[in-house]
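What follows is a set of notes on a single structure, which appears directly below.
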Amino acid sequence: MSAVVPATGGAGGARSVPAGKIECDACPVLCQITEGRSGACDRYANVAGALTRVDPVLLMRRASDPDSDGPVVRFAGQEPDWDGDLVGQSVFVTGVGAGTTYPDYKPAPFIVSSRQQGVDMVTVVTEGIFSYCSYRIKVDTDRYLGPECATVRHRGEAVGHVTTIEYGSQFLSLGGVHHLTGGSKKEGRVTCDLMMALGNKEAVDLDIEGGAHLRVQAGRAPIVDGVEERRMRVGCGSATIGIFARQWLGHVDEVVVVDDHITGVLTEHQAGKCLDMAPSGIRIRGRKSTPGRYFQVANPGTGWGGTDVTDPLTIVEGFSPKVARPGLRLLMVSTTGDHHAWFVLDDALRPVPAPMPEAVARVVERIGENCEPSLATVMFVAGAGGSLRAGVTENPVLLTRSIKDLLTRVTVGGAPAYVWPGGGITVMVDVTRMPERSFGWVPTPAIVAPIEFTMRLDHYRQLGGHVERIVTVEQALAQARARWLAWDSANPWPADPPPLDPAPTGPKSRGPAREP
Ligand code: SF4
C-alpha cells in the first residue's frame with residue numbers, strides 16, 4: 001500500500017456512507033469501499049478504515065548533482081544496496097502512483113520542493129484524470145492498411161480512425177473523447193481498455209474497416225495481416241530512383257521502382273536525364289505526374305510497394321518499337337527491395353525473366369540496407385489545460401502562460417512532453433520514454449496518467465501556487481511508500497531548472513497575450 005489519505009466520509013457529507021465502508025473521493029465515481037477491498041479502478045483501497053492509494057509513488061533518483069565533483073550515476077532497478085540516504089541526491093517525484101485530488105480546487109497530491117543546481121525548485125505532482133486524450137500511432141509500413149478516415153475497431157467496437165500516410169508510415173488516431181463518451185457504454189469501456197493497454201506498452205489487435213488486421217505495440221514491429229513488418233521503405237519510388245540512379249548506371253537500361261504513391265522510371269526521371277541515360281521506350285500504366293513519376297499504377301494492397309501487384313509486369317503496358325530494342329535490360333524493384341525481378345527484352349520486345357547480374361543485385365541489397373526497422377510508435381496526447389490546473393495554482397491561466405513561456409516544464413511520468421502551440425496545455429509524449437505501467441483508468445470512463453509541473457520556487461509563488469502545501473522529499477516519503485526506478489538517462493533530468501526568462505532566440509510564446 002502507499003499513500004494514506006484521509007477518507008472524507010462522503011463528498012462533503014452529501015451522501016451517507018454505510019457503516020464499515022469509506023467513500024473514495026479521488027474521482028467523480030465516489031466508490032464506497034468495504035474494508036479490505038479496493039474501488040472500481042483498483043487504485044484506491046480501504047485499509048483499516050483509511051483510504052489508501054494501492055500503488056507506491058514512483059521516484060527517480062540521480063546520484064550526485066551535475067554541479068558537484070562526483071559523476072552523475074544512473075541507478076538501476078530497485079537498488080537494494082542503497083540505504084535511502086537522500087543527502088547529495090537529486091530526487092524527482094513522478095505522478096505514477098501519486099494519486100488524484102478531486103474536485104480540482106484541492107491542491108495536487110504532492111507539491112515537492114527540491115534544490116537542483118543550486119536553485120530552489122518546486123514540482124507539482126498528480127495523476128491526471130483525462131477525458132480528453134488519445135493516441136497518434138505511427139505504423140512504419142508500405143502495406144495498405146485501409147482507406148483514409150476508415151473506422152478502426154478493437155473487440156468489435158469503434159475506437160478510432162485511419163488518418164494520413166506520411167513518409168513510409170501510416171498514421172492512426174485512436175481513443176479520444178468521442179469514443180470514450182459519445183457512443184455506447186461498451187464502446188467507451190473498450191476504448192478505455194485499449195488506451196490503457198497502448199499506454200502501458202501492451203500489444204493490441206485492431207481491425208480496419210475495408211483494410212487490414214493489425215497488431216501494434218509501442219516500440220515493436222507492427223504485424224499486418226499476420227506478417228511482421230521488417231523494413232520501413234527507403235523512400236517513395238521517385239526518391240529511390242534519385243538515391244540509386246548513379247549506382248545502376250552502366251548495369252541496367254531501365255529501372256522501375258514500384259510504389260503505390262509515386263512509381264519511378266529511371267530513364268524518364270530527372271536523375272536518368274542528368275546521367276545521359278537513353279530512353280527505354282517503356283510505357284507504364286497510371287497517371288503521369290512529372291517525367292519519370294507515375295501515380296496510381298495499381299490499386300493499394302499488400303504486394304509490391306504497397307500496391308496489390310504480385311506480378312510487376314502488370315503495370316507495364318509495353319515498349320515502343322521505335323525506341324526499345326531486343327536485349328534491353330530491365331530491373332523492377334519495390335521501395336524496400338523486398339520485391340525485385342530482372343528481365344531482358346526478347347526479339348518481340350517482351351520482357352523475359354532472367355538471372356539478375358551480381359552488380360544489380362548489390363544495389364537491390366543496398367535498398368534493403370538503407371531501410372530502417374519498422375516500428376509502431378505510440379504517442380499519448382492529452383489536454384491538461386482544464387480544471388487539473390487548479391491543483392497547481394488558484395489562477396490557472398497563469399500556469400498556461402508560464403508553460404508557453406517555458407518557465408514551467410511539463411513532464412509525464414518524468415518523460416519530456418511536447419506542448420502544442422495555441423491555447424490550453426495539450427501535451428504529447430512517447431510512451432516508450434515513460435515508466436512501465438504508468439497508465440490507469442476510472443470508470444467515468446477516462447484515462448489516468450501521471451503529470452508533473454516543475455518550476456523555480458520564486459516563480460511558483462508568482463503563479464499563486466499552493467505554497468502552503470509544499471513539502472520536502474523527506475516529508476513526501478513519510479506520507480507514502482515509494483518505489484524507486486532507474487532514471488532513464490535517454491530522457492533529460494526532469495527536475496533541472498527551466499531558464500529564468502524565455503530565451504529570445506528560443507520558441508516564442510504562442511499562449512494568450514499577457515496583461516501589461
Ligand atoms: S473509481 Fe477509483 S478513484 Fe474513482 S472513486 Fe472509485 S476507487 Fe476512487
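Simple scheme: letters A, B, ... for chains in C-alpha cells order, numbers from 1 for residues in each chain, numbers from 1 for ligands in the order shown.
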Could you produce a table of the residues of chain A lying within 8 Å of ligand 1, with the nearest pair of atoms per residue and their separation in Å rounded to one decimal, using only C-alpha atoms and all ligand atoms, ordered by chain and increasing residue number, as CSV?
```
residue,atom,partner,partner_atom_place_in_ligand_line,distance
A:Glu23,CA,ligand 1,5 (S),7.3
A:Cys24,CA,ligand 1,8 (Fe),4.5
A:Asp25,CA,ligand 1,5 (S),5.4
A:Ala26,CA,ligand 1,3 (S),4.5
A:Cys27,CA,ligand 1,4 (Fe),4.1
A:Pro28,CA,ligand 1,4 (Fe),6.2
A:Val29,CA,ligand 1,5 (S),4.5
A:Leu30,CA,ligand 1,5 (S),3.9
A:Cys31,CA,ligand 1,6 (Fe),4.1
A:Gln32,CA,ligand 1,6 (Fe),7.5
A:Ile33,CA,ligand 1,7 (S),7.6
A:Ser38,CA,ligand 1,7 (S),6.5
A:Gly39,CA,ligand 1,7 (S),3.5
A:Ala40,CA,ligand 1,1 (S),4.6
A:Cys41,CA,ligand 1,2 (Fe),4.2
A:Asp42,CA,ligand 1,2 (Fe),6.1
A:Arg43,CA,ligand 1,2 (Fe),5.5
A:Tyr44,CA,ligand 1,7 (S),4.7
A:Ala45,CA,ligand 1,7 (S),6.8
A:Thr100,CA,ligand 1,3 (S),7.5
A:Trp441,CA,ligand 1,1 (S),7.9
A:Val442,CA,ligand 1,1 (S),4.8
A:Pro443,CA,ligand 1,1 (S),5.9
A:Thr444,CA,ligand 1,1 (S),7.8
```
Generate the output file for the selected residues, N, CA, C and O atoms, as an mmCIF file, in the first residue's frame.
```
data_model
loop_
_atom_site.group_PDB
_atom_site.id
_atom_site.type_symbol
_atom_site.label_atom_id
_atom_site.label_comp_id
_atom_site.auth_asym_id
_atom_site.auth_seq_id
_atom_site.Cartn_x
_atom_site.Cartn_y
_atom_site.Cartn_z
ATOM 1 N N GLU A 23 -15.824 6.283 1.672
ATOM 2 C CA GLU A 23 -16.063 6.773 0.314
ATOM 3 C C GLU A 23 -14.769 7.342 -0.247
ATOM 4 O O GLU A 23 -14.106 8.165 0.383
ATOM 5 N N CYS A 24 -14.430 6.875 -1.438
ATOM 6 C CA CYS A 24 -13.265 7.430 -2.129
ATOM 7 C C CYS A 24 -13.718 8.669 -2.886
ATOM 8 O O CYS A 24 -14.696 8.623 -3.633
ATOM 9 N N ASP A 25 -13.000 9.760 -2.690
ATOM 10 C CA ASP A 25 -13.372 10.997 -3.383
ATOM 11 C C ASP A 25 -12.278 11.424 -4.365
ATOM 12 O O ASP A 25 -12.115 12.597 -4.667
ATOM 13 N N ALA A 26 -11.539 10.434 -4.883
ATOM 14 C CA ALA A 26 -10.463 10.758 -5.810
ATOM 15 C C ALA A 26 -10.944 10.907 -7.244
ATOM 16 O O ALA A 26 -10.163 11.260 -8.129
ATOM 17 N N CYS A 27 -12.208 10.589 -7.498
ATOM 18 C CA CYS A 27 -12.752 10.835 -8.833
ATOM 19 C C CYS A 27 -14.267 10.904 -8.698
ATOM 20 O O CYS A 27 -14.824 10.556 -7.650
ATOM 21 N N PRO A 28 -14.988 11.334 -9.739
ATOM 22 C CA PRO A 28 -16.432 11.550 -9.606
ATOM 23 C C PRO A 28 -17.241 10.288 -9.334
ATOM 24 O O PRO A 28 -18.435 10.378 -9.007
ATOM 25 N N VAL A 29 -16.645 9.103 -9.471
ATOM 26 C CA VAL A 29 -17.399 7.866 -9.263
ATOM 27 C C VAL A 29 -17.788 7.709 -7.794
ATOM 28 O O VAL A 29 -18.845 7.150 -7.472
ATOM 29 N N LEU A 30 -16.940 8.200 -6.887
ATOM 30 C CA LEU A 30 -17.214 8.184 -5.438
ATOM 31 C C LEU A 30 -17.560 6.771 -4.941
ATOM 32 O O LEU A 30 -18.620 6.524 -4.352
ATOM 33 N N CYS A 31 -16.649 5.831 -5.191
ATOM 34 C CA CYS A 31 -16.860 4.447 -4.742
ATOM 35 C C CYS A 31 -16.982 4.402 -3.221
ATOM 36 O O CYS A 31 -16.244 5.082 -2.501
ATOM 37 N N GLN A 32 -17.896 3.563 -2.741
ATOM 38 C CA GLN A 32 -17.975 3.285 -1.302
ATOM 39 C C GLN A 32 -17.325 1.916 -1.101
ATOM 40 O O GLN A 32 -17.824 0.906 -1.600
ATOM 41 N N ILE A 33 -16.215 1.912 -0.376
ATOM 42 C CA ILE A 33 -15.339 0.743 -0.378
ATOM 43 C C ILE A 33 -15.364 0.069 0.996
ATOM 44 O O ILE A 33 -15.133 0.705 2.027
ATOM 45 N N SER A 38 -10.852 -2.938 -2.701
ATOM 46 C CA SER A 38 -10.450 -1.758 -3.462
ATOM 47 C C SER A 38 -11.641 -1.245 -4.263
ATOM 48 O O SER A 38 -12.635 -1.957 -4.459
ATOM 49 N N GLY A 39 -11.520 -0.009 -4.741
ATOM 50 C CA GLY A 39 -12.584 0.601 -5.527
ATOM 51 C C GLY A 39 -12.583 0.105 -6.961
ATOM 52 O O GLY A 39 -11.788 -0.763 -7.342
ATOM 53 N N ALA A 40 -13.482 0.678 -7.779
ATOM 54 C CA ALA A 40 -13.701 0.157 -9.130
ATOM 55 C C ALA A 40 -12.445 0.180 -9.991
ATOM 56 O O ALA A 40 -12.273 -0.673 -10.858
ATOM 57 N N CYS A 41 -11.562 1.151 -9.769
ATOM 58 C CA CYS A 41 -10.387 1.277 -10.625
ATOM 59 C C CYS A 41 -9.183 0.523 -10.080
ATOM 60 O O CYS A 41 -8.128 0.520 -10.712
ATOM 61 N N ASP A 42 -9.321 -0.067 -8.898
ATOM 62 C CA ASP A 42 -8.222 -0.782 -8.228
ATOM 63 C C ASP A 42 -7.073 0.138 -7.840
ATOM 64 O O ASP A 42 -5.984 -0.331 -7.520
ATOM 65 N N ARG A 43 -7.285 1.442 -7.886
ATOM 66 C CA ARG A 43 -6.194 2.349 -7.495
ATOM 67 C C ARG A 43 -6.262 2.689 -6.014
ATOM 68 O O ARG A 43 -5.245 2.957 -5.376
ATOM 69 N N TYR A 44 -7.476 2.712 -5.461
ATOM 70 C CA TYR A 44 -7.656 3.058 -4.050
ATOM 71 C C TYR A 44 -8.311 1.897 -3.315
ATOM 72 O O TYR A 44 -9.124 1.160 -3.897
ATOM 73 N N ALA A 45 -7.944 1.765 -2.036
ATOM 74 C CA ALA A 45 -8.494 0.679 -1.232
ATOM 75 C C ALA A 45 -8.829 1.199 0.163
ATOM 76 O O ALA A 45 -8.348 2.257 0.594
ATOM 77 N N THR A 100 -4.798 11.172 -6.934
ATOM 78 C CA THR A 100 -5.519 12.289 -7.551
ATOM 79 C C THR A 100 -6.293 13.019 -6.472
ATOM 80 O O THR A 100 -6.772 12.395 -5.526
ATOM 81 N N TRP A 441 -7.025 3.818 -15.181
ATOM 82 C CA TRP A 441 -8.320 4.262 -15.702
ATOM 83 C C TRP A 441 -9.303 4.453 -14.553
ATOM 84 O O TRP A 441 -9.078 3.972 -13.438
ATOM 85 N N VAL A 442 -10.361 5.180 -14.836
ATOM 86 C CA VAL A 442 -11.509 5.245 -13.932
ATOM 87 C C VAL A 442 -12.759 5.012 -14.778
ATOM 88 O O VAL A 442 -12.750 5.249 -15.988
ATOM 89 N N PRO A 443 -13.829 4.533 -14.138
ATOM 90 C CA PRO A 443 -14.982 4.087 -14.934
ATOM 91 C C PRO A 443 -15.857 5.209 -15.484
ATOM 92 O O PRO A 443 -16.927 4.918 -16.020
ATOM 93 N N THR A 444 -15.416 6.453 -15.413
ATOM 94 C CA THR A 444 -16.315 7.528 -15.912
ATOM 95 C C THR A 444 -16.708 7.406 -17.391
ATOM 96 O O THR A 444 -17.825 7.848 -17.726
#
```
Using only C-alpha atoms, find each residue of stretch 217-272 of chain A with at least one atom at most 8 Å away from an atom of stretch 303-325 of chain A; report its shortest atom-to-atom pair and that distance in Å (one decimal), sort the rows by chain and rising residue number, and return the result as JSON lines.
```
{"residue": "A:Val258", "atom": "CA", "partner": "A:Gly305", "partner_atom": "CA", "distance": 5.5}
{"residue": "A:Asp259", "atom": "CA", "partner": "A:Gly305", "partner_atom": "CA", "distance": 4.3}
{"residue": "A:Asp260", "atom": "CA", "partner": "A:Thr307", "partner_atom": "CA", "distance": 4.9}
```
For N, CA, C and O atoms, I'd like the residues from the last selection saved as a JSON list (two decimals), in the first residue's frame.
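Okay, this is what ended up in again27.json:
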```json
[["chain", "number", "residue", "atom", "x", "y", "z"],
["A", 258, "VAL", "N", 8.48, 0.27, -58.07],
["A", 258, "VAL", "CA", 7.02, 0.17, -57.92],
["A", 258, "VAL", "C", 6.62, 0.72, -56.54],
["A", 258, "VAL", "O", 7.15, 0.30, -55.52],
["A", 259, "ASP", "N", 5.69, 1.67, -56.58],
["A", 259, "ASP", "CA", 5.25, 2.32, -55.34],
["A", 259, "ASP", "C", 3.79, 2.71, -55.50],
["A", 259, "ASP", "O", 3.39, 3.23, -56.55],
["A", 260, "ASP", "N", 3.00, 2.49, -54.47],
["A", 260, "ASP", "CA", 1.58, 2.83, -54.52],
["A", 260, "ASP", "C", 1.36, 4.32, -54.75],
["A", 260, "ASP", "O", 0.36, 4.72, -55.34]]
```
Each residue of stretch 110-218 of chain A with at least one atom at most 10 Å from stretch 401-420 of chain A should appear once, together with its nearest atom pair and the corresponding distance in Å (one decimal); atoms considered: only C-alpha atoms; ordering: chain, then increasing residue number; output as a tab-separated table.
```
residue	atom	partner	partner_atom	distance
A:Val122	CA	A:Thr408	CA	9.9
A:Thr123	CA	A:Arg409	CA	9.2
A:Val124	CA	A:Val410	CA	9.8
A:Val125	CA	A:Gly413	CA	9.4
A:Thr126	CA	A:Gly413	CA	9.7
A:Glu127	CA	A:Gly413	CA	9.2
A:Gly128	CA	A:Val412	CA	9.9
```
Please save C-alpha atoms of the selected residues as a CSV table (one decimal), in the first residue's frame.
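Written out: part.csv:
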```csv
chain,number,residue,atom,x,y,z
A,122,VAL,CA,9.0,23.0,-6.9
A,123,THR,CA,7.4,20.1,-8.7
A,124,VAL,CA,3.6,19.7,-8.6
A,125,VAL,CA,2.8,16.1,-9.0
A,126,THR,CA,-0.5,14.4,-9.7
A,127,GLU,CA,-2.2,11.6,-11.6
A,128,GLY,CA,-4.4,13.4,-14.0
```
> Do you have the atom CA of A:Arg153-atom CA of A:Glu209 distance handy?
Replying inline: 7.6 Å
> Which parts of stretch 6-231 of chain A does DSSP call helix (DSSP H, G or I) when run on the backbone here, written out as number ranges by chain?
Replying inline: A: 11-13, 177-181, 185-199
>> Using only C-alpha atoms, can you tell me which of A:Val255, A:Val119, A:Leu399, A:Cys274 comes closest to A:Met332?
In response: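 The closest residue to A:Met332 is A:Val255.
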>> What's the separation between atom CA of A:Trp484 and atom CA of A:Lys201, in Å to one decimal place?
In response: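 Computing the Euclidean distance for atom CA of A:Trp484 and atom CA of A:Lys201 yields 20.0 Å.
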> So how many Å separate atom CA of A:Ile165 and atom CA of A:Ala490, to one decimal?
Replying inline: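 Spanning atom CA of A:Ile165 to atom CA of A:Ala490 is a straight-line distance of 28.6 Å.
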>> According to DSSP computed on the backbone, where in stretch 45-268 of chain A is there strand (DSSP E)? Give the residues as a ChimeraX atom specification.
In response: /A:45-47,50-53,57-63,73-74,89-93,110-116,119-130,133-140,151-154,157-166,169-175,204-208,213-216,223-224,227-228,231-232,254-258,263-265
>> Env of A:Thr393: 7 Å cut, atoms = only C-alpha atoms, seq-sep filter 6 positions within chain, self excluded. Answer as a PyMOL selection string.
In response: chain A and resi 463-466
>> Residues within 7 Å of A:Gln116, please, as a list of chain:residue names. Count only C-alpha atoms; anything in the same chain fewer than 2 positions from it doesn't count.
In response: A:Ser114, A:Gly118, A:Val119, A:Asp120, A:Met121, A:Ala495, A:Asp496, A:Pro497
> Could you pull the residues within 7 Å of stretch 344-358 of chain A, counting only C-alpha atoms, minus those fewer than 3 positions along the same chain, as a ChimeraX atom specification?
Replying inline: /A:319,325-330,361-362
